[in-house]
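**Student:** Here you go, this is query_22.cif (mmCIF, C-alpha atoms).
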```cif
data_input
loop_
_atom_site.label_atom_id
_atom_site.label_comp_id
_atom_site.auth_asym_id
_atom_site.auth_seq_id
_atom_site.Cartn_x
_atom_site.Cartn_y
_atom_site.Cartn_z
CA MET A 290 -10.94 40.22 -2.69
CA THR A 291 -8.65 37.90 -4.63
CA GLY A 292 -5.69 38.50 -6.84
CA SER A 293 -7.67 37.76 -10.00
CA GLY A 294 -10.96 39.59 -9.45
CA PRO A 295 -12.27 42.97 -8.28
CA ARG A 296 -11.70 43.83 -4.64
CA PRO A 297 -14.01 45.76 -2.33
CA ALA A 298 -12.68 49.11 -1.23
CA SER A 299 -10.52 48.86 1.90
CA PRO A 300 -10.99 51.28 4.79
CA GLU A 301 -8.33 53.98 4.94
CA ARG A 302 -6.10 54.64 7.91
CA ASP A 303 -6.47 57.74 10.09
CA ASP A 304 -3.74 59.51 8.09
CA GLY A 305 -5.64 58.94 4.85
CA ALA A 306 -3.22 56.36 3.50
CA PRO A 307 -4.62 52.99 2.39
CA PRO A 308 -3.94 50.06 4.74
CA PRO A 309 -1.25 47.50 3.87
CA ARG A 310 -2.22 44.89 1.33
CA VAL A 311 -2.88 41.54 3.01
CA SER A 312 -2.16 38.33 1.13
CA VAL A 313 -3.94 35.39 2.77
CA VAL A 314 -1.99 32.18 2.20
CA ILE A 315 -3.96 28.97 2.78
CA PRO A 316 -2.16 25.60 2.62
CA ASN A 317 -4.60 22.86 1.72
CA TYR A 318 -4.59 19.10 1.45
CA ASN A 319 -7.97 17.35 1.14
CA TYR A 320 -9.97 19.84 3.22
CA ALA A 321 -13.06 19.98 1.02
CA LYS A 322 -15.15 19.68 4.19
CA THR A 323 -13.94 22.93 5.75
CA LEU A 324 -12.38 25.01 2.96
CA PRO A 325 -15.70 26.64 1.97
CA LEU A 326 -16.22 27.77 5.59
CA CYS A 327 -12.67 29.10 5.68
CA LEU A 328 -13.16 31.10 2.49
CA GLU A 329 -16.61 32.35 3.53
CA SER A 330 -15.02 33.79 6.69
CA LEU A 331 -12.66 35.83 4.51
CA ARG A 332 -15.63 37.32 2.65
CA ARG A 333 -16.91 38.65 5.96
CA GLN A 334 -13.70 40.42 6.99
CA THR A 335 -13.95 44.11 7.89
CA LEU A 336 -10.61 44.54 6.12
CA PRO A 337 -10.91 42.67 2.82
CA PRO A 338 -7.78 40.75 1.82
CA PHE A 339 -5.84 41.98 -1.18
CA GLU A 340 -5.63 38.42 -2.47
CA ILE A 341 -6.36 34.88 -1.34
CA ILE A 342 -3.86 32.23 -2.38
CA VAL A 343 -4.78 28.58 -1.85
CA SER A 344 -1.59 26.53 -2.04
CA ASP A 345 -2.96 23.08 -2.78
CA ASP A 346 -0.67 20.22 -1.81
CA ALA A 347 -1.84 17.68 -4.43
CA SER A 348 -5.35 17.21 -3.02
CA THR A 349 -7.50 14.37 -4.32
CA ASP A 350 -10.89 15.46 -2.93
CA GLY A 351 -11.71 18.35 -5.26
CA SER A 352 -10.88 21.04 -2.70
CA ALA A 353 -8.66 22.89 -5.19
CA ASP A 354 -11.67 23.17 -7.51
CA ILE A 355 -13.68 24.60 -4.60
CA ALA A 356 -11.04 27.29 -4.14
CA GLU A 357 -11.21 28.19 -7.82
CA ARG A 358 -15.00 28.50 -7.65
CA PHE A 359 -14.52 31.00 -4.83
CA GLY A 360 -12.30 33.06 -7.12
CA CYS A 361 -9.08 32.32 -5.27
CA ARG A 362 -5.68 32.16 -6.83
CA VAL A 363 -4.86 28.44 -6.70
CA LEU A 364 -1.39 26.94 -6.80
CA ARG A 365 -1.46 23.22 -7.55
CA ALA A 366 1.42 20.99 -6.45
CA THR A 367 1.87 17.76 -8.38
CA THR A 368 3.06 15.79 -5.33
CA ASN A 369 2.23 16.10 -1.64
CA GLN A 370 5.13 17.86 0.10
CA GLY A 371 3.68 18.96 3.44
CA VAL A 372 2.52 22.14 5.09
CA SER A 373 5.89 23.91 5.10
CA ALA A 374 6.39 23.55 1.36
CA ALA A 375 2.78 24.61 0.71
CA ARG A 376 3.12 27.75 2.82
CA ASN A 377 6.43 28.60 1.16
CA ALA A 378 4.91 28.29 -2.31
CA GLY A 379 2.02 30.55 -1.34
CA ALA A 380 4.31 33.14 0.25
CA ALA A 381 6.57 33.18 -2.81
CA ALA A 382 3.58 33.90 -5.06
CA ALA A 383 2.04 36.54 -2.79
CA ARG A 384 2.13 40.23 -3.71
CA GLY A 385 0.88 41.80 -0.49
CA ASP A 386 2.71 43.77 2.19
CA ILE A 387 1.54 41.38 4.93
CA LEU A 388 1.33 37.60 4.71
CA PHE A 389 -1.56 36.12 6.69
CA PHE A 390 -1.19 32.36 7.00
CA LEU A 391 -4.52 30.63 7.55
CA ASP A 392 -5.10 26.88 7.70
CA SER A 393 -7.86 25.44 5.54
CA ASP A 394 -9.64 23.90 8.53
CA GLU A 395 -10.11 27.27 10.26
CA ALA A 396 -12.54 30.19 9.85
CA LEU A 397 -11.60 33.68 11.01
CA SER A 398 -13.75 35.99 13.12
CA PRO A 399 -14.78 39.09 11.08
CA ARG A 400 -12.31 41.62 12.53
CA SER A 401 -9.28 39.33 12.62
CA LEU A 402 -7.46 40.69 9.56
CA GLU A 403 -8.14 44.29 10.55
CA ASN A 404 -6.93 43.70 14.11
CA ALA A 405 -3.76 41.90 13.00
CA VAL A 406 -2.83 44.72 10.61
CA ARG A 407 -3.47 47.35 13.27
CA LEU A 408 -1.36 45.56 15.87
CA LEU A 409 1.55 45.20 13.46
CA ALA A 410 1.31 48.91 12.55
CA GLU A 411 1.31 49.95 16.20
CA ASP A 412 4.55 48.09 16.97
CA PRO A 413 7.15 47.90 14.18
CA GLY A 414 9.19 45.51 16.35
CA LEU A 415 6.54 42.80 16.00
CA GLY A 416 7.50 40.05 13.60
CA CYS A 417 4.29 38.07 13.97
CA VAL A 418 0.77 38.44 15.34
CA HIS A 419 -1.14 35.19 15.76
CA GLY A 420 -4.49 34.27 17.23
CA VAL A 421 -6.41 31.99 19.54
CA ILE A 422 -8.76 29.10 18.81
CA ALA A 423 -12.46 29.88 19.26
CA PRO A 424 -14.19 28.01 22.11
CA GLU A 425 -16.72 26.43 19.72
CA PRO A 426 -15.65 23.96 16.99
CA LEU A 427 -15.96 24.97 13.37
CA VAL A 428 -18.00 21.82 12.74
CA ASP A 429 -19.63 20.08 15.71
CA ASP A 430 -18.73 16.40 15.39
CA GLY A 431 -19.22 15.33 18.98
CA PRO A 432 -17.66 15.21 22.45
CA VAL A 433 -14.05 14.40 21.46
CA GLU A 434 -13.97 17.46 19.23
CA TRP A 435 -15.48 19.59 22.00
CA TYR A 436 -12.76 18.35 24.35
CA ARG A 437 -10.03 19.30 21.87
CA THR A 438 -11.58 22.69 21.10
CA LEU A 439 -12.14 23.75 24.70
CA HIS A 440 -8.65 22.68 25.70
CA ALA A 441 -7.05 24.46 22.74
CA HIS A 442 -8.98 27.66 23.40
CA HIS A 443 -8.15 27.69 27.11
CA TRP A 444 -4.40 27.16 26.94
CA ARG A 445 -3.98 29.69 24.17
CA LEU A 446 -6.07 32.25 25.99
CA LYS A 447 -3.84 31.78 29.05
CA GLY A 448 -0.80 32.60 26.90
CA VAL A 449 -2.13 35.83 25.36
CA GLY A 450 0.61 38.45 25.21
CA PRO A 451 4.28 38.48 24.19
CA THR A 452 5.65 34.98 23.61
CA PRO A 453 8.57 33.32 21.82
CA THR A 454 6.13 30.84 20.25
CA ALA A 455 4.17 31.42 17.05
CA PHE A 456 1.54 29.15 15.54
CA PHE A 457 0.89 29.81 11.87
CA ALA A 458 -2.63 28.41 11.61
CA ALA A 459 -3.85 32.03 11.85
CA ALA A 460 -0.87 34.39 11.83
CA ALA A 461 0.18 37.66 10.20
CA VAL A 462 3.82 38.33 9.26
CA PRO A 463 5.08 41.43 7.41
CA ARG A 464 6.55 40.43 4.08
CA ARG A 465 9.84 42.17 4.89
CA VAL A 466 10.15 40.04 8.05
CA PHE A 467 9.37 36.79 6.23
CA GLU A 468 11.96 37.59 3.58
CA GLU A 469 14.56 38.37 6.25
CA ILE A 470 13.93 35.27 8.35
CA GLY A 471 13.51 32.98 5.38
CA PRO A 472 10.93 30.32 4.48
CA PHE A 473 9.60 27.49 6.58
CA HIS A 474 11.87 24.46 6.72
CA PRO A 475 10.58 22.56 3.66
CA ALA A 476 11.42 19.12 5.06
CA LEU A 477 9.27 19.56 8.17
CA ARG A 478 5.69 18.31 8.14
CA ASP A 479 5.43 18.61 11.93
CA SER A 480 6.99 21.14 14.29
CA GLU A 481 7.48 23.73 11.58
CA ASP A 482 5.86 26.32 13.86
CA VAL A 483 8.34 25.84 16.67
CA GLU A 484 11.36 25.69 14.37
CA TYR A 485 10.28 28.93 12.71
CA SER A 486 9.50 30.50 16.09
CA GLU A 487 13.09 29.99 17.19
CA ARG A 488 14.44 31.84 14.17
CA LEU A 489 11.81 34.56 14.29
CA SER A 490 11.96 35.30 18.02
CA ALA A 491 15.74 35.76 17.83
CA ARG A 492 15.15 38.98 15.86
CA TYR A 493 11.55 40.10 16.41
CA ARG A 494 8.83 40.03 19.03
CA ILE A 495 5.86 37.69 18.68
CA LEU A 496 2.38 38.50 19.97
CA LEU A 497 -0.45 36.06 20.70
CA THR A 498 -3.73 37.97 20.78
CA ALA A 499 -7.41 37.21 21.33
CA GLN A 500 -8.20 39.94 18.80
CA VAL A 501 -7.43 37.34 16.13
CA GLU A 502 -9.67 34.30 16.56
CA ALA A 503 -10.36 31.28 14.39
CA ALA A 504 -12.86 28.46 14.77
CA HIS A 505 -11.03 25.18 14.17
CA ASP A 506 -12.26 21.79 12.97
CA GLU A 507 -10.55 19.43 15.41
CA GLU A 508 -10.13 15.66 15.25
CA TYR A 509 -13.37 14.07 16.50
CA ARG A 510 -12.40 10.38 16.63
CA LEU A 511 -10.81 9.10 19.83
CA GLY A 512 -8.36 6.62 18.30
CA PRO A 513 -6.81 8.93 15.70
CA MET A 514 -6.67 11.77 18.23
CA LEU A 515 -4.74 9.65 20.75
CA ARG A 516 -2.41 8.27 18.07
CA GLU A 517 -1.63 11.80 16.92
CA GLN A 518 -0.81 12.86 20.48
CA PHE A 519 1.52 9.88 20.91
CA ARG A 520 3.28 10.52 17.61
CA ARG A 521 3.85 14.20 18.27
CA ALA A 522 4.88 13.68 21.88
CA GLN A 523 7.83 11.54 20.82
CA TYR A 524 9.69 14.77 20.03
CA LEU A 525 9.09 16.38 23.42
CA LEU A 526 12.23 14.92 24.98
CA PRO A 527 14.85 16.06 24.56
CA PHE A 528 14.12 18.32 21.60
CA ALA A 529 11.36 20.54 23.03
CA ALA A 530 12.80 20.98 26.50
CA ALA A 531 14.82 24.09 25.67
CA HIS A 532 11.89 25.85 24.02
CA ARG A 533 9.45 24.98 26.81
CA ARG A 534 11.80 26.53 29.37
CA ARG A 535 11.88 29.87 27.59
CA PRO A 536 9.95 32.63 29.41
CA GLY A 537 6.48 32.99 27.93
CA ALA A 538 6.70 29.86 25.77
CA LEU A 539 3.27 28.38 25.07
CA ARG A 540 2.50 25.04 26.72
CA ALA A 541 -0.61 23.00 26.03
CA ASN A 542 -0.15 20.69 29.02
CA SER A 543 1.72 20.97 32.30
CA MET A 544 4.37 18.47 33.25
CA ALA A 545 2.60 18.06 36.61
CA GLY A 546 -0.55 16.93 34.82
CA VAL A 547 1.39 14.52 32.62
CA ALA A 548 3.14 13.02 35.66
CA ALA A 549 -0.14 12.73 37.58
CA ALA A 550 -1.81 10.96 34.65
CA LEU A 551 1.04 8.48 34.42
CA PHE A 552 0.93 7.88 38.19
CA THR A 553 -2.84 7.35 38.13
CA VAL A 554 -2.70 4.68 35.43
CA ALA A 555 0.42 3.02 36.85
CA THR A 556 -1.25 2.57 40.23
CA LEU A 557 -4.55 1.15 38.94
CA PRO A 558 -3.56 -2.42 39.98
CA ALA A 559 -3.47 -1.11 43.57
CA LEU A 560 -7.28 -1.02 43.49
CA ALA A 561 -7.15 -4.77 44.17
CA VAL A 562 -5.13 -4.22 47.36
CA PRO A 563 -7.35 -2.40 49.91
CA PRO A 564 -4.55 -0.62 51.81
CA LEU A 565 -3.17 0.75 48.53
CA ALA A 566 -6.45 1.41 46.74
CA VAL A 567 -6.23 5.07 47.62
CA LEU A 568 -3.17 5.62 45.40
CA PRO A 569 -4.92 5.88 41.99
CA LEU A 570 -7.62 8.03 43.59
CA LEU A 571 -4.93 10.38 44.89
CA GLY A 572 -3.37 10.37 41.44
CA LEU A 573 -6.69 11.29 39.84
CA LEU A 574 -7.22 14.06 42.37
CA GLY A 575 -3.74 15.39 41.70
CA PHE A 576 -4.40 15.25 37.97
CA ALA A 577 -7.62 17.26 38.32
CA CYS A 578 -5.91 19.82 40.57
CA ALA A 579 -3.07 20.29 38.08
CA ASP A 580 -5.27 22.68 36.07
CA LEU A 581 -8.36 23.67 38.04
CA PRO A 582 -8.95 26.83 35.96
CA LEU A 583 -9.32 24.59 32.89
CA LEU A 584 -12.01 22.47 34.57
CA ARG A 585 -13.87 25.56 35.77
CA PHE A 586 -13.78 26.91 32.23
CA VAL A 587 -15.15 23.65 30.84
CA ARG A 588 -17.98 23.66 33.40
CA ARG A 589 -18.95 27.21 32.43
CA ARG A 590 -18.95 26.43 28.71
CA ARG A 591 -20.48 22.92 28.63
CA GLY A 592 -22.00 22.32 32.04
CA THR A 593 -21.10 20.16 35.01
CA GLY A 594 -22.17 16.94 33.27
CA PHE A 595 -19.45 17.34 30.64
CA VAL A 596 -16.61 17.69 33.17
CA PRO A 597 -16.15 13.95 33.99
CA LEU A 598 -15.93 13.08 30.28
CA PHE A 599 -13.49 15.96 29.74
CA VAL A 600 -11.31 14.75 32.63
CA GLY A 601 -11.31 11.21 31.26
CA LEU A 602 -10.28 12.33 27.78
CA HIS A 603 -7.70 14.71 29.19
CA LEU A 604 -6.24 11.89 31.27
CA LEU A 605 -5.88 9.69 28.18
CA VAL A 606 -4.22 12.51 26.24
CA ASN A 607 -1.74 13.23 29.02
CA LEU A 608 -0.97 9.53 29.28
CA GLN A 609 -0.22 9.44 25.55
CA ILE A 610 2.07 12.45 25.98
CA ALA A 611 3.95 10.67 28.78
CA LEU A 612 4.28 7.41 26.81
CA GLY A 613 5.20 9.24 23.61
CA ALA A 614 7.83 11.39 25.30
CA GLY A 615 9.37 8.31 26.90
CA THR A 616 9.37 6.47 23.58
CA GLY A 617 10.98 9.45 21.87
CA TRP A 618 13.67 9.66 24.52
CA LEU A 619 14.52 5.99 24.02
CA ARG A 620 14.55 6.38 20.25
CA SER A 621 16.93 9.32 20.52
CA LYS A 622 19.38 7.14 22.46
CA PHE A 623 19.59 4.57 19.67
CA ASP A 624 19.08 6.79 16.61
CA ARG A 625 21.17 9.95 16.46
CA ASP A 626 19.10 11.18 13.51
CA PHE A 627 15.79 10.94 15.36
CA GLY A 628 14.07 14.33 15.52
CA ALA A 629 16.93 16.25 14.00
CA PRO A 630 16.11 18.46 11.00
CA PRO A 631 18.06 17.96 7.77
CA GLY A 632 21.41 19.68 8.03
CA ARG A 633 21.96 18.66 11.65
CA ARG A 634 21.94 14.92 11.18
CA PRO A 635 25.37 13.36 11.71
CA SER A 636 26.71 11.35 8.81
CA ALA A 637 28.96 8.34 8.85
CA ALA A 638 31.90 10.62 8.15
CA GLY A 639 31.11 12.73 11.20
CA PRO A 640 28.87 15.66 12.09
CA SER A 641 27.77 17.81 9.19
CA PRO A 642 28.17 21.58 9.37
CA GLU A 643 25.35 23.27 11.25
CA PRO A 644 23.40 25.67 9.02
CA ARG A 645 22.69 29.20 10.16
CA ASP A 646 19.75 29.46 12.54
CA ALA A 647 19.24 25.69 12.75
CA VAL A 648 17.65 24.51 15.98
CA PRO A 649 16.43 21.23 17.45
CA VAL A 650 12.93 20.41 16.29
CA PRO A 651 10.32 19.74 18.98
CA ALA A 652 6.82 18.72 18.04
CA SER A 653 4.01 21.03 19.01
CA GLU A 654 1.30 19.57 21.24
CA HIS A 655 -1.49 20.59 18.97
CA ALA A 656 -1.94 19.84 15.28
CA GLU A 657 -1.70 23.08 13.36
CA GLY A 658 -0.89 22.13 9.78
CA GLY A 659 -3.36 22.82 7.02
CA THR A 660 -1.95 20.08 4.83
CA GLY A 661 -1.11 16.47 5.35
#
```
I need this file expressed as structure tokens, please.
**Tutor:**
Amino acid sequence: MTGSGPRPASPERDDGAPPPRVSVVIPNYNYAKTLPLCLESLRRQTLPPFEIIVSDDASTDGSADIAERFGCRVLRATTNQGVSAARNAGAAAARGDILFFLDSDEALSPRSLENAVRLLAEDPGLGCVHGVIAPEPLVDDGPVEWYRTLHAHHWRLKGVGPTPTAFFAAAAVPRRVFEEIGPFHPALRDSEDVEYSERLSARYRILLTAQVEAAHDEEYRLGPMLREQFRRAQYLLPFAAAHRRRPGALRANSMAGVAAALFTVATLPALAVPPLAVLPLLGLLGFACADLPLLRFVRRRRGTGFVPLFVGLHLLVNLQIALGAGTGWLRSKFDRDFGAPPGRRPSAAGPSPEPRDAVPVPASEHAEGGTG
């Protein structure tokens, strides 16, 4: 099951040949809470991994020791460098034919590895197969986490199929493809998924599938969750606009919903003026109607009583996205370096040469990194 110990026999393909060897690469930074659940899910796979590599990004909580007790191959960084560097180190050490990137706060459903390998074998033009978030949280920490989990599951499920967007929290990439495209941008701690998606989708197809599913441990505290949304949303304008306009690009939130949330909050003072008091109510109605399938899904999964709380949390998140995007737009007007990856930042002597395959770096709307 790991690179250092005996492995269970893998099922053979229909032609009698053994299946490709799958190296699972897990970036980790202080995920002692969820790493055991992540590794236990790999023990239950119908296609056992060839090896499990935990690329530890200088954790201080003993999670690297947990990985060693599970028999994993552990790479220990001496300084924290971020999720991109951790994934790159794991990929460089891997010996399998397929790299399966799995975040340390996720647990795979039992047939995920088998399904990913089969889908890649059926279509040699695929450069990546990645999965959806399960509708139930990995660890139930309360209503904020349920909000995040249900929302993440729903918008990914809507996007199942070919897409130019890949999220590497649970994703399989043939080694030959990874070597051709190159590593993750090592300087990026956020948005590495979208930056890599741009390079990858220029040469290969990407598939989002419900046949790969992972339960995720989401943020459960309201304040940190809203701050994270604000921080990430600062890169939405202008850097993510081009990617969002691409056919099939994955979008966590609609611009109509973001605009309705901003309108609702901006018109709250009108409640004190009877003739205008209807404005925030119309805004709230418009916000709810922006994604009715989402609210129907939430009602089916958690009941009618949970819907008002979900709408309230969703309104706050969309407001943070609006405020963050506006803040990012203003920052970009005064700081030419803001949001640009290394290699594209203009210097005092003038613009630097643009490296091959460099693209603007938008921030994804959902935290995916397995390291900090």
**Student:** How would you write, as a PyMOL selection string, the residues chosen by the PyMOL selection byres ((chain A and resi 489) around 12) on this structure?
**Tutor:** chain A and resi 414-418+452-456+462-463+466-473+481-488+490-496+646-648
**Student:** Show me, as a list of chain:residue names, the residues that have an atom within 7 Å of stretch 581-598 of chain A when counting only C-alpha atoms, minus same-chain residues fewer than 4 positions from it.
**Tutor:** A:Leu439, A:His443, A:Ala577, A:Leu602
**Student:** Expanded to explicit residues, what is the PyMOL selection byres ((chain A and resi 349-354) around 10) for this file, as a list in words?
**Tutor:**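 When the PyMOL selection byres ((chain A and resi 349-354) around 10) is applied to the shown file, the picked residues are Asn317, Tyr318, Asn319, Tyr320, Ala321, Lys322, Thr323, Leu324, Pro325, Val343, Ser344, Asp345, Asp346, Ala347, Ser348, Ile355, Ala356, Glu357, Arg358, Phe359, Gly360, Cys361, Arg362, Val363, Leu364, Arg365 and Ser393 of chain A.
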**Student:** Ranking A:Leu331, A:Ala375, A:Val606, A:Leu326 by minimum distance to A:Ala476 and counting all atoms listed in the file, which one comes first?
**Tutor:**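 Among the listed residues, the smallest separation from A:Ala476 belongs to A:Ala375.
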**Student:** At what distance in Å, to one decimal, does atom CA of A:Gln609 lie from atom CA of A:Leu568?
**Tutor:** 20.4 Å
**Student:** Need to verify the contact set: A:Ser543, 10 Å, only C-alpha atoms, exclusion of same-chain residues closer than 4 positions in sequence. Can you return it as an mmCIF file with C-alpha atoms, in the coordinates of the input?
**Tutor:**
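Final output, saved to selection33.cif:
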```cif
data_model
loop_
_atom_site.group_PDB
_atom_site.id
_atom_site.type_symbol
_atom_site.label_atom_id
_atom_site.label_comp_id
_atom_site.auth_asym_id
_atom_site.auth_seq_id
_atom_site.Cartn_x
_atom_site.Cartn_y
_atom_site.Cartn_z
ATOM 1 C CA VAL A 547 1.390 14.520 32.620
ATOM 2 C CA ALA A 548 3.140 13.020 35.660
ATOM 3 C CA ALA A 549 -0.140 12.730 37.580
ATOM 4 C CA ALA A 579 -3.070 20.290 38.080
ATOM 5 C CA ASP A 580 -5.270 22.680 36.070
ATOM 6 C CA ASN A 607 -1.740 13.230 29.020
#
```
**Student:** Anything within 12 Å of (-6.9, 13.4, 28.2): list those residues as a PyMOL selection string, counting all atoms listed in the file and sticking to the file's coordinates.
**Tutor:** chain A and resi 433+436-437+440+511+514-515+518-519+541-542+546-547+549-551+573+576-577+596-611
**Student:** Given the PyMOL selection byres ((chain A and resi 315) around 10) and the file above, list the residues it selects as a PyMOL selection string.
**Tutor:** chain A and resi 312-314+316-318+324+327-328+341-345+363+372+375-376+379-380+389-395+458-459+659-660
**Student:** Show me, as a PyMOL selection string, the residues that have an atom within 9 Å of A:Gly448 when counting only C-alpha atoms, minus same-chain residues fewer than 4 positions from it.
**Tutor:** chain A and resi 443-444+452+497-498+537-540
**Student:** Given only C-alpha atoms as the basis, pick out the residue of A:Asp479, A:Glu340, A:Glu502, A:Asp412 nearest to A:Glu425.
**Tutor:**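 Closest residue, counting only C-alpha atoms: A:Glu502.
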**Student:** What separation in Å, quoted to one decimal, exists between atom CA of A:Phe457 and atom CA of A:Thr368?
**Tutor:**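 Straight-line distance from atom CA of A:Phe457 to atom CA of A:Thr368 works out to 22.3 Å.
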**Student:** Given the choices A:Ala374, A:Ala499, A:Leu571, A:Ile387, which gets closest to A:Val406 if the distance is worked out from only C-alpha atoms?
**Tutor:**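 Once distances to A:Val406 are computed over only C-alpha atoms, the minimum belongs to A:Ile387.
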**Student:** Nearest residue to A:Glu434 out of A:Arg333, A:Arg510, A:Arg516, A:Arg521, using all atoms listed in the file?
**Tutor:**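 Among A:Arg333, A:Arg510, A:Arg516, A:Arg521, it is A:Arg510 that comes nearest to A:Glu434.
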**Student:** Mind pulling up the distance from atom CA of A:His474 to atom CA of A:Ala382?
**Tutor:** 17.2 Å
**Student:** Could you check the closest approach to A:Pro432 for each of A:Arg400, A:Val554, A:Leu574, A:Glu507 and tell me which residue wins, using only C-alpha atoms?
**Tutor:** A:Glu507
**Student:** How big is the axis-aligned box around all listed atoms of stretch 477-484 of chain A once 8 Å goes on each side, and where's its centre, in Å to one decimal, as AutoDock Vina command-line options?
**Tutor:**
```
--center_x 8.4 --center_y 22.3 --center_z 12.4 --size_x 21.9 --size_y 24.0 --size_z 24.5
```
